[in-house]
$ cat coords-v1.pdb   # PDB, C-alpha atoms and all ligand atoms
ATOM      1  CA  MET A   1       0.000   0.000   0.000  1.00  0.00           C
ATOM      2  CA  ASP A   2       1.368   3.462  -0.808  1.00  0.00           C
ATOM      3  CA  PRO A   3       2.173   5.669   2.200  1.00  0.00           C
ATOM      4  CA  ASP A   4      -0.677   8.147   1.588  1.00  0.00           C
ATOM      5  CA  ALA A   5      -3.288   5.395   1.342  1.00  0.00           C
ATOM      6  CA  LEU A   6      -1.887   3.783   4.493  1.00  0.00           C
ATOM      7  CA  ALA A   7      -1.997   7.086   6.417  1.00  0.00           C
ATOM      8  CA  GLU A   8      -5.600   7.608   5.274  1.00  0.00           C
ATOM      9  CA  ARG A   9      -6.639   4.124   6.381  1.00  0.00           C
ATOM     10  CA  LYS A  10      -4.988   4.606   9.763  1.00  0.00           C
ATOM     11  CA  MET A  11      -6.886   7.864  10.277  1.00  0.00           C
ATOM     12  CA  GLN A  12     -10.151   6.105   9.501  1.00  0.00           C
ATOM     13  CA  PHE A  13      -9.115   3.293  11.836  1.00  0.00           C
ATOM     14  CA  LEU A  14      -8.610   5.710  14.760  1.00  0.00           C
ATOM     15  CA  PHE A  15     -11.852   7.490  13.935  1.00  0.00           C
ATOM     16  CA  ALA A  16     -13.745   4.170  14.031  1.00  0.00           C
ATOM     17  CA  LEU A  17     -12.222   3.374  17.431  1.00  0.00           C
ATOM     18  CA  ARG A  18     -13.289   6.725  18.885  1.00  0.00           C
ATOM     19  CA  SER A  19     -16.787   6.453  17.502  1.00  0.00           C
ATOM     20  CA  ARG A  20     -17.160   3.033  19.138  1.00  0.00           C
ATOM     21  CA  GLY A  21     -16.244   4.322  22.573  1.00  0.00           C
ATOM     22  CA  VAL A  22     -12.464   3.994  22.775  1.00  0.00           C
ATOM     23  CA  THR A  23     -11.760   7.397  24.307  1.00  0.00           C
ATOM     24  CA  ASP A  24      -8.851   6.862  26.704  1.00  0.00           C
ATOM     25  CA  PRO A  25      -5.979   8.894  25.187  1.00  0.00           C
ATOM     26  CA  ALA A  26      -3.325   6.408  26.372  1.00  0.00           C
ATOM     27  CA  VAL A  27      -5.166   3.509  24.715  1.00  0.00           C
ATOM     28  CA  LEU A  28      -5.722   5.468  21.501  1.00  0.00           C
ATOM     29  CA  GLY A  29      -2.029   6.429  21.543  1.00  0.00           C
ATOM     30  CA  ALA A  30      -1.010   2.790  21.914  1.00  0.00           C
ATOM     31  CA  MET A  31      -3.321   1.761  19.075  1.00  0.00           C
ATOM     32  CA  GLU A  32      -1.931   4.508  16.891  1.00  0.00           C
ATOM     33  CA  ALA A  33       1.624   3.384  17.642  1.00  0.00           C
ATOM     34  CA  VAL A  34       1.127  -0.335  16.956  1.00  0.00           C
ATOM     35  CA  ASP A  35       0.463  -1.176  13.328  1.00  0.00           C
ATOM     36  CA  ARG A  36      -2.155  -3.953  13.025  1.00  0.00           C
ATOM     37  CA  GLY A  37      -0.932  -4.829   9.517  1.00  0.00           C
ATOM     38  CA  PRO A  38       1.915  -7.189  10.479  1.00  0.00           C
ATOM     39  CA  PHE A  39      -0.405  -9.221  12.730  1.00  0.00           C
ATOM     40  CA  VAL A  40      -2.750 -10.093   9.864  1.00  0.00           C
ATOM     41  CA  ARG A  41      -1.285 -12.386   7.254  1.00  0.00           C
ATOM     42  CA  GLY A  42      -2.148 -13.668   3.812  1.00  0.00           C
ATOM     43  CA  LEU A  43      -5.553 -13.213   2.248  1.00  0.00           C
ATOM     44  CA  PHE A  44      -6.878 -10.807   4.833  1.00  0.00           C
ATOM     45  CA  ALA A  45      -3.831  -8.511   5.176  1.00  0.00           C
ATOM     46  CA  GLU A  46      -5.587  -5.931   2.980  1.00  0.00           C
ATOM     47  CA  ARG A  47      -8.286  -5.542   5.611  1.00  0.00           C
ATOM     48  CA  ALA A  48      -6.019  -4.984   8.616  1.00  0.00           C
ATOM     49  CA  TYR A  49      -7.248  -1.411   9.158  1.00  0.00           C
ATOM     50  CA  GLU A  50     -10.943  -2.256   9.140  1.00  0.00           C
ATOM     51  CA  ASP A  51     -12.718  -2.456  12.481  1.00  0.00           C
ATOM     52  CA  THR A  52     -13.464  -6.121  12.059  1.00  0.00           C
ATOM     53  CA  PRO A  53     -12.230  -9.434  13.461  1.00  0.00           C
ATOM     54  CA  LEU A  54     -10.269 -11.477  10.892  1.00  0.00           C
ATOM     55  CA  PRO A  55      -9.209 -15.109  10.579  1.00  0.00           C
ATOM     56  CA  ILE A  56      -5.638 -16.025  11.569  1.00  0.00           C
ATOM     57  CA  ALA A  57      -3.800 -19.373  11.576  1.00  0.00           C
ATOM     58  CA  CYS A  58      -4.998 -22.415  13.567  1.00  0.00           C
ATOM     59  CA  GLY A  59      -8.681 -21.542  13.019  1.00  0.00           C
ATOM     60  CA  GLN A  60      -8.464 -18.585  15.418  1.00  0.00           C
ATOM     61  CA  THR A  61      -9.289 -14.882  15.026  1.00  0.00           C
ATOM     62  CA  ILE A  62      -7.622 -11.562  15.623  1.00  0.00           C
ATOM     63  CA  SER A  63     -10.174  -9.582  17.626  1.00  0.00           C
ATOM     64  CA  GLN A  64     -12.042  -6.557  16.361  1.00  0.00           C
ATOM     65  CA  PRO A  65      -9.868  -3.484  17.049  1.00  0.00           C
ATOM     66  CA  SER A  66     -12.622  -1.556  18.866  1.00  0.00           C
ATOM     67  CA  VAL A  67     -13.099  -4.568  21.168  1.00  0.00           C
ATOM     68  CA  VAL A  68      -9.326  -4.656  21.787  1.00  0.00           C
ATOM     69  CA  GLY A  69      -9.546  -0.943  22.628  1.00  0.00           C
ATOM     70  CA  LEU A  70     -12.538  -1.298  24.938  1.00  0.00           C
ATOM     71  CA  MET A  71     -11.006  -4.273  26.765  1.00  0.00           C
ATOM     72  CA  THR A  72      -7.693  -2.454  27.157  1.00  0.00           C
ATOM     73  CA  GLN A  73      -9.506   0.625  28.442  1.00  0.00           C
ATOM     74  CA  ALA A  74     -11.487  -1.472  30.942  1.00  0.00           C
ATOM     75  CA  LEU A  75      -8.240  -2.961  32.223  1.00  0.00           C
ATOM     76  CA  GLU A  76      -6.941   0.481  33.378  1.00  0.00           C
ATOM     77  CA  VAL A  77      -3.315  -0.502  32.741  1.00  0.00           C
ATOM     78  CA  THR A  78      -0.545   1.601  34.292  1.00  0.00           C
ATOM     79  CA  SER A  79       3.157   1.680  33.499  1.00  0.00           C
ATOM     80  CA  ARG A  80       3.935  -0.203  36.728  1.00  0.00           C
ATOM     81  CA  ASP A  81       1.742  -3.167  35.853  1.00  0.00           C
ATOM     82  CA  LYS A  82       2.639  -6.773  35.201  1.00  0.00           C
ATOM     83  CA  VAL A  83      -0.078  -8.075  32.894  1.00  0.00           C
ATOM     84  CA  LEU A  84      -1.099 -11.607  31.918  1.00  0.00           C
ATOM     85  CA  GLU A  85      -2.909 -12.219  28.647  1.00  0.00           C
ATOM     86  CA  VAL A  86      -4.503 -15.608  28.012  1.00  0.00           C
ATOM     87  CA  GLY A  87      -4.911 -16.174  24.263  1.00  0.00           C
ATOM     88  CA  THR A  88      -2.017 -14.600  22.324  1.00  0.00           C
ATOM     89  CA  GLY A  89      -3.589 -15.317  18.925  1.00  0.00           C
ATOM     90  CA  SER A  90      -1.945 -12.912  16.490  1.00  0.00           C
ATOM     91  CA  GLY A  91      -0.162 -11.031  19.280  1.00  0.00           C
ATOM     92  CA  TYR A  92      -1.925  -7.735  18.497  1.00  0.00           C
ATOM     93  CA  GLN A  93      -3.600  -7.302  21.885  1.00  0.00           C
ATOM     94  CA  ALA A  94      -0.321  -8.141  23.659  1.00  0.00           C
ATOM     95  CA  ALA A  95       1.536  -5.536  21.591  1.00  0.00           C
ATOM     96  CA  ILE A  96      -1.003  -2.862  22.588  1.00  0.00           C
ATOM     97  CA  LEU A  97      -0.688  -3.851  26.252  1.00  0.00           C
ATOM     98  CA  ALA A  98       3.103  -3.724  25.971  1.00  0.00           C
ATOM     99  CA  GLN A  99       2.874   0.006  25.155  1.00  0.00           C
ATOM    100  CA  LEU A 100       1.057   0.659  28.423  1.00  0.00           C
ATOM    101  CA  ALA A 101       2.405  -1.877  30.929  1.00  0.00           C
ATOM    102  CA  ARG A 102       5.779  -2.646  32.457  1.00  0.00           C
ATOM    103  CA  ARG A 103       5.719  -6.281  31.331  1.00  0.00           C
ATOM    104  CA  VAL A 104       3.267  -8.517  29.508  1.00  0.00           C
ATOM    105  CA  TYR A 105       3.131 -12.307  29.759  1.00  0.00           C
ATOM    106  CA  THR A 106       1.041 -13.862  27.019  1.00  0.00           C
ATOM    107  CA  VAL A 107       0.100 -17.533  26.694  1.00  0.00           C
ATOM    108  CA  ASP A 108      -1.448 -19.507  23.851  1.00  0.00           C
ATOM    109  CA  ARG A 109      -2.160 -23.229  23.437  1.00  0.00           C
ATOM    110  CA  HIS A 110      -1.031 -23.115  19.788  1.00  0.00           C
ATOM    111  CA  LYS A 111       2.743 -23.301  19.333  1.00  0.00           C
ATOM    112  CA  ARG A 112       2.537 -21.902  15.809  1.00  0.00           C
ATOM    113  CA  LEU A 113       0.698 -18.759  16.952  1.00  0.00           C
ATOM    114  CA  VAL A 114       3.210 -18.169  19.738  1.00  0.00           C
ATOM    115  CA  HIS A 115       6.120 -18.475  17.311  1.00  0.00           C
ATOM    116  CA  GLU A 116       4.538 -16.193  14.731  1.00  0.00           C
ATOM    117  CA  ALA A 117       3.625 -13.574  17.333  1.00  0.00           C
ATOM    118  CA  ARG A 118       7.184 -13.625  18.689  1.00  0.00           C
ATOM    119  CA  GLY A 119       8.445 -12.966  15.180  1.00  0.00           C
ATOM    120  CA  VAL A 120       6.260  -9.854  14.911  1.00  0.00           C
ATOM    121  CA  PHE A 121       7.253  -8.582  18.392  1.00  0.00           C
ATOM    122  CA  ASP A 122      10.924  -8.968  17.466  1.00  0.00           C
ATOM    123  CA  ALA A 123      10.460  -7.244  14.108  1.00  0.00           C
ATOM    124  CA  MET A 124       8.728  -4.336  15.881  1.00  0.00           C
ATOM    125  CA  GLY A 125      11.444  -4.116  18.537  1.00  0.00           C
ATOM    126  CA  ILE A 126       9.004  -4.836  21.391  1.00  0.00           C
ATOM    127  CA  VAL A 127      11.073  -6.172  24.288  1.00  0.00           C
ATOM    128  CA  ASN A 128       8.682  -6.319  27.254  1.00  0.00           C
ATOM    129  CA  ILE A 129       6.542  -9.278  26.166  1.00  0.00           C
ATOM    130  CA  THR A 130       7.228 -12.834  27.295  1.00  0.00           C
ATOM    131  CA  SER A 131       5.235 -15.286  25.182  1.00  0.00           C
ATOM    132  CA  LEU A 132       4.704 -18.856  26.239  1.00  0.00           C
ATOM    133  CA  ILE A 133       2.989 -22.008  24.984  1.00  0.00           C
ATOM    134  CA  GLY A 134       0.562 -23.510  27.464  1.00  0.00           C
ATOM    135  CA  ASP A 135      -2.954 -23.820  28.794  1.00  0.00           C
ATOM    136  CA  GLY A 136      -3.529 -20.307  30.059  1.00  0.00           C
ATOM    137  CA  SER A 137      -6.552 -21.289  32.177  1.00  0.00           C
ATOM    138  CA  PHE A 138      -4.057 -22.231  34.856  1.00  0.00           C
ATOM    139  CA  GLY A 139      -2.319 -18.862  34.633  1.00  0.00           C
ATOM    140  CA  LEU A 140       1.405 -18.662  35.299  1.00  0.00           C
ATOM    141  CA  PRO A 141       1.957 -19.625  38.941  1.00  0.00           C
ATOM    142  CA  ASP A 142       5.686 -18.823  38.715  1.00  0.00           C
ATOM    143  CA  GLN A 143       5.018 -15.219  37.680  1.00  0.00           C
ATOM    144  CA  ALA A 144       1.925 -14.594  39.806  1.00  0.00           C
ATOM    145  CA  PRO A 145       0.461 -12.429  41.186  1.00  0.00           C
ATOM    146  CA  PHE A 146      -0.522 -10.108  38.335  1.00  0.00           C
ATOM    147  CA  ASP A 147      -1.790  -6.528  38.472  1.00  0.00           C
ATOM    148  CA  ARG A 148      -3.980  -7.108  35.441  1.00  0.00           C
ATOM    149  CA  ILE A 149      -5.274 -10.213  33.623  1.00  0.00           C
ATOM    150  CA  ILE A 150      -7.020 -10.243  30.255  1.00  0.00           C
ATOM    151  CA  VAL A 151      -8.573 -13.340  28.751  1.00  0.00           C
ATOM    152  CA  THR A 152      -9.262 -13.166  25.010  1.00  0.00           C
ATOM    153  CA  ALA A 153     -11.178 -16.434  24.668  1.00  0.00           C
ATOM    154  CA  ALA A 154     -14.569 -17.146  26.217  1.00  0.00           C
ATOM    155  CA  ALA A 155     -14.813 -19.176  29.413  1.00  0.00           C
ATOM    156  CA  GLU A 156     -17.990 -20.469  31.026  1.00  0.00           C
ATOM    157  CA  ASP A 157     -16.840 -18.832  34.250  1.00  0.00           C
ATOM    158  CA  PRO A 158     -13.756 -16.788  35.135  1.00  0.00           C
ATOM    159  CA  PRO A 159     -11.132 -19.539  35.685  1.00  0.00           C
ATOM    160  CA  GLY A 160     -10.378 -20.059  39.395  1.00  0.00           C
ATOM    161  CA  PRO A 161      -6.574 -20.143  39.017  1.00  0.00           C
ATOM    162  CA  LEU A 162      -6.687 -16.765  37.261  1.00  0.00           C
ATOM    163  CA  LEU A 163      -8.771 -15.214  40.037  1.00  0.00           C
ATOM    164  CA  ALA A 164      -6.263 -16.606  42.523  1.00  0.00           C
ATOM    165  CA  GLN A 165      -3.358 -15.041  40.606  1.00  0.00           C
ATOM    166  CA  LEU A 166      -4.868 -11.541  40.601  1.00  0.00           C
ATOM    167  CA  LYS A 167      -3.357  -9.063  43.095  1.00  0.00           C
ATOM    168  CA  ILE A 168      -5.585  -7.328  45.614  1.00  0.00           C
ATOM    169  CA  GLY A 169      -6.593  -4.139  43.808  1.00  0.00           C
ATOM    170  CA  GLY A 170      -6.043  -5.940  40.504  1.00  0.00           C
ATOM    171  CA  ILE A 171      -8.413  -6.063  37.538  1.00  0.00           C
ATOM    172  CA  MET A 172      -9.317  -8.930  35.222  1.00  0.00           C
ATOM    173  CA  VAL A 173     -11.323  -8.643  32.004  1.00  0.00           C
ATOM    174  CA  VAL A 174     -12.829 -11.872  30.629  1.00  0.00           C
ATOM    175  CA  PRO A 175     -15.593 -12.819  28.176  1.00  0.00           C
ATOM    176  CA  VAL A 176     -17.953 -15.218  29.922  1.00  0.00           C
ATOM    177  CA  GLY A 177     -20.607 -17.486  28.428  1.00  0.00           C
ATOM    178  CA  GLN A 178     -21.206 -20.433  26.129  1.00  0.00           C
ATOM    179  CA  SER A 179     -18.803 -20.498  23.218  1.00  0.00           C
ATOM    180  CA  ASP A 180     -21.493 -20.711  20.545  1.00  0.00           C
ATOM    181  CA  ALA A 181     -23.582 -17.872  21.963  1.00  0.00           C
ATOM    182  CA  VAL A 182     -23.170 -14.178  22.595  1.00  0.00           C
ATOM    183  CA  GLN A 183     -21.029 -13.772  25.670  1.00  0.00           C
ATOM    184  CA  SER A 184     -20.717 -11.020  28.268  1.00  0.00           C
ATOM    185  CA  LEU A 185     -17.528  -9.153  28.833  1.00  0.00           C
ATOM    186  CA  ILE A 186     -16.979  -9.113  32.589  1.00  0.00           C
ATOM    187  CA  ARG A 187     -14.637  -6.945  34.646  1.00  0.00           C
ATOM    188  CA  VAL A 188     -13.520  -8.394  37.956  1.00  0.00           C
ATOM    189  CA  ARG A 189     -11.835  -6.289  40.643  1.00  0.00           C
ATOM    190  CA  ARG A 190     -10.139  -8.053  43.509  1.00  0.00           C
ATOM    191  CA  THR A 191     -10.731  -6.302  46.826  1.00  0.00           C
ATOM    192  CA  GLU A 192      -9.466  -6.988  50.358  1.00  0.00           C
ATOM    193  CA  ASP A 193     -12.413  -9.253  50.966  1.00  0.00           C
ATOM    194  CA  GLY A 194     -13.364 -10.772  47.654  1.00  0.00           C
ATOM    195  CA  PHE A 195     -14.219  -9.975  44.057  1.00  0.00           C
ATOM    196  CA  ASP A 196     -16.487  -7.321  42.546  1.00  0.00           C
ATOM    197  CA  TYR A 197     -17.954  -8.087  39.137  1.00  0.00           C
ATOM    198  CA  ASP A 198     -19.411  -5.775  36.531  1.00  0.00           C
ATOM    199  CA  GLU A 199     -20.784  -6.591  33.131  1.00  0.00           C
ATOM    200  CA  LEU A 200     -19.471  -4.363  30.353  1.00  0.00           C
ATOM    201  CA  ARG A 201     -21.058  -5.412  27.060  1.00  0.00           C
ATOM    202  CA  ALA A 202     -21.939  -8.289  24.757  1.00  0.00           C
ATOM    203  CA  VAL A 203     -19.038  -9.828  22.811  1.00  0.00           C
ATOM    204  CA  ARG A 204     -18.274 -12.917  20.767  1.00  0.00           C
ATOM    205  CA  PHE A 205     -14.985 -14.770  21.220  1.00  0.00           C
ATOM    206  CA  VAL A 206     -13.607 -18.178  20.297  1.00  0.00           C
ATOM    207  CA  PRO A 207     -13.777 -20.620  23.229  1.00  0.00           C
ATOM    208  CA  LEU A 208     -11.147 -21.096  25.896  1.00  0.00           C
ATOM    209  CA  LEU A 209     -10.135 -24.733  25.339  1.00  0.00           C
ATOM    210  CA  GLU A 210      -8.371 -27.205  27.580  1.00  0.00           C
ATOM    211  CA  GLY A 211      -4.772 -28.266  27.200  1.00  0.00           C
ATOM    212  CA  VAL A 212      -2.047 -27.466  24.694  1.00  0.00           C
ATOM    213  CA  ALA A 213      -3.083 -27.977  21.054  1.00  0.00           C
ATOM    214  CA  ARG A 214      -1.650 -30.928  19.171  1.00  0.00           C
ATOM    215  CA  GLU A 215       0.729 -30.045  16.351  1.00  0.00           C
ATOM    216  CA  ASN A 216      -1.895 -30.391  13.598  1.00  0.00           C
ATOM    217  CA  ASP A 217      -4.910 -28.822  15.324  1.00  0.00           C
TER     218      ASP A 217
HETATM  219  N1  LIG A 301      -5.738 -11.757  21.653  1.00  0.00           N
HETATM  220  C1  LIG A 301      -5.691 -12.281  20.313  1.00  0.00           C
HETATM  221  C2  LIG A 301      -6.972 -12.935  19.864  1.00  0.00           C
HETATM  222  C3  LIG A 301      -7.156 -14.209  20.539  1.00  0.00           C
HETATM  223  S1  LIG A 301      -8.148 -15.439  19.776  1.00  0.00           S
HETATM  224  C4  LIG A 301      -5.232 -11.266  19.318  1.00  0.00           C
HETATM  225  O1  LIG A 301      -4.984 -10.112  19.708  1.00  0.00           O
HETATM  226  O2  LIG A 301      -5.058 -11.627  18.150  1.00  0.00           O
HETATM  227  C5  LIG A 301      -8.159 -16.535  21.154  1.00  0.00           C
HETATM  228  C6  LIG A 301      -6.884 -17.296  21.363  1.00  0.00           C
HETATM  229  O3  LIG A 301      -7.030 -18.007  22.588  1.00  0.00           O
HETATM  230  C7  LIG A 301      -6.581 -18.324  20.291  1.00  0.00           C
HETATM  231  O4  LIG A 301      -5.342 -18.068  19.723  1.00  0.00           O
HETATM  232  C8  LIG A 301      -6.597 -19.657  21.057  1.00  0.00           C
HETATM  233  O5  LIG A 301      -5.611 -20.570  20.601  1.00  0.00           O
HETATM  234  C9  LIG A 301      -6.306 -19.198  22.464  1.00  0.00           C
HETATM  235  N2  LIG A 301      -6.738 -20.124  23.518  1.00  0.00           N
HETATM  236  C10 LIG A 301      -7.916 -20.797  23.653  1.00  0.00           C
HETATM  237  N3  LIG A 301      -7.913 -21.526  24.785  1.00  0.00           N
HETATM  238  C11 LIG A 301      -6.712 -21.293  25.398  1.00  0.00           C
HETATM  239  C12 LIG A 301      -6.108 -21.771  26.604  1.00  0.00           C
HETATM  240  N4  LIG A 301      -6.729 -22.599  27.444  1.00  0.00           N
HETATM  241  N5  LIG A 301      -4.875 -21.334  26.910  1.00  0.00           N
HETATM  242  C13 LIG A 301      -4.214 -20.484  26.084  1.00  0.00           C
HETATM  243  N6  LIG A 301      -4.722 -20.010  24.926  1.00  0.00           N
HETATM  244  C14 LIG A 301      -5.966 -20.404  24.593  1.00  0.00           C
END

$ encode --input "coords-v1.pdb" --output "C-alpha cells" --more "lines below"
Ligand code: SAH
Amino acid sequence: MDPDALAERKMQFLFALRSRGVTDPAVLGAMEAVDRGPFVRGLFAERAYEDTPLPIACGQTISQPSVVGLMTQALEVTSRDKVLEVGTGSGYQAAILAQLARRVYTVDRHKRLVHEARGVFDAMGIVNITSLIGDGSFGLPDQAPFDRIIVTAAAEDPPGPLLAQLKIGGIMVVPVGQSDAVQSLIRVRRTEDGFDYDELRAVRFVPLLEGVAREND
C-alpha cells in the first residue's frame, strides 16, 4: 500500500475506534503506535485497518480493534503493571498492552501462533513481552500475582486459578458465556475481601479450550 493510502486508512481506523467508545488517550495512543498490519497475514492482510475481526492461523481470530480498545480501556493498565494475557492469537492485543504496561506475559495453546507472534514482536522491537505455549486457564503460577489479567477467549466462568493469581486491587477482564452464543464481557476487581464483578457489554470470542493444542490442530 502506498504511504498516503496507508496514512488515510490509519486515520479512519482511529476514527472508528473513537466512535465506538475507545476514548482513553493512552489507549488510543497505543493503538496509533502499533500497526495492526503485520499481525494479519495472507488473504486478509488488505483488511487490517478495518474495524473487524479477521481469521488467523490455527482456526483462530484476531479480535475486532474496537473490542481490543474497549477491553484495554477497561483494564486500566498503568506503566507499573505486570499483565497476563490468556490467548495470544496474532499477538496484536499483547503488543497494545506492551505500550502501556511494564511487562506482559502472554500464553497460547497453539505453538505456531506463539512463534509467529514472537516474530512480529521482534520485528517491531518490542522487548517487554514474554510469550509462552501452554494452557492459560491455569495462569502462570511462577510469575503470579498479576496486576492485570485479560482473557481473550470465552470461558464459562472466570477460571479459578486466574482469580487466585490476581493481586488485591487488581483487575481482570474476561468474556464469559457459552462459546457458541453471545457472551458477556466481565470486569472483575479483587478487593481486600473478595471480588467485585461488573458486566461491560456483549461480545463474541472463540472458546477457551483445555490443554495445549496438538501439532496439527
Ligand atoms: N488476543 C488475540 C486474539 C485471541 S483469539 C489477538 O490479539 O489476536 C483466542 C486465542 O485463545 C486463540 O489463539 C486460542 O488458541 C487461544 N486459547 C484458547 N484456549 C486457550 C487456553 N486454554 N490457553 C491459552 N490459549 C488459549

$ atom_distance --input "coords-v1.pdb" --atom1 "CA of Asp108 (chain A)" --atom2 "CA of Ile150 (chain A)"
12.6 Å

$ resolve_selection --input "coords-v1.pdb" --expression "the PyMOL selection byres (((not hetatm)) within 9 of (chain A and resi 301))" --output "ChimeraX atom specification"
/A:39-40,53-54,56-65,68,85-96,106-111,113-114,117,133-139,150-155,205-213

$ closest_residue --input "coords-v1.pdb" --among "A:Pro159, A:Pro38, A:Gly69, A:Pro175" --to "Arg201 (chain A)" --atoms "all atoms listed in the file"
A:Pro175

$ closest_residue --input "coords-v1.pdb" --among "A:His115, A:Arg148, A:Pro141, A:Asp24" --to "Arg102 (chain A)" --atoms "all atoms listed in the file"
A:Arg148

$ atom_distance --input "coords-v1.pdb" --atom1 "CA of Gly160 (chain A)" --atom2 "CA of Arg190 (chain A)"
12.7 Å

$ residues_around --input "coords-v1.pdb" --residues "Asp147 (chain A)" --least-positions-apart "5" --cutoff "12 Å" --atoms "all atoms listed in the file" --output "PyMOL selection string"
chain A and resi 75-85+101-105+162-173+188-190

$ closest_residue --input "coords-v1.pdb" --among "A:Glu32, A:Asp196, A:Asp4, A:Asp142" --to "Gln99 (chain A)" --atoms "all atoms listed in the file"
A:Glu32

$ atom_distance --input "coords-v1.pdb" --atom1 "CA of Ala45 (chain A)" --atom2 "CA of Val174 (chain A)"
27.2 Å

$ residues_around --input "coords-v1.pdb" --residues "Met11 (chain A)" --least-positions-apart "5" --cutoff "12 Å" --atoms "only C-alpha atoms" --output "count of residues only"
11

$ residues_around --input "coords-v1.pdb" --residues "Ser19 (chain A)" --least-positions-apart "2" --cutoff "12 Å" --atoms "all atoms listed in the file" --output "list in words"
Gln12, Phe13, Leu14, Phe15, Ala16, Leu17, Gly21, Val22, Thr23, Leu28, Asp51, Ser66, Gly69 and Leu70 of chain A

$ axis_aligned_box --input "coords-v1.pdb" --around "region 60-68 of chain A" --padding-each-side "3 Å" --output "AutoDock Vina command-line options"
--center_x -10.4 --center_y -10.1 --center_z 18.4 --size_x 11.5 --size_y 23.0 --size_z 12.8

$ closest_residue --input "coords-v1.pdb" --among "A:Leu185, A:Met71, A:Ala98, A:Met1" --to "Ala30 (chain A)" --atoms "all atoms listed in the file"
A:Ala98

$ closest_residue --input "coords-v1.pdb" --among "A:Glu156, A:Val34, A:Phe146, A:Thr52" --to "Gly125 (chain A)" --atoms "only C-alpha atoms"
A:Val34
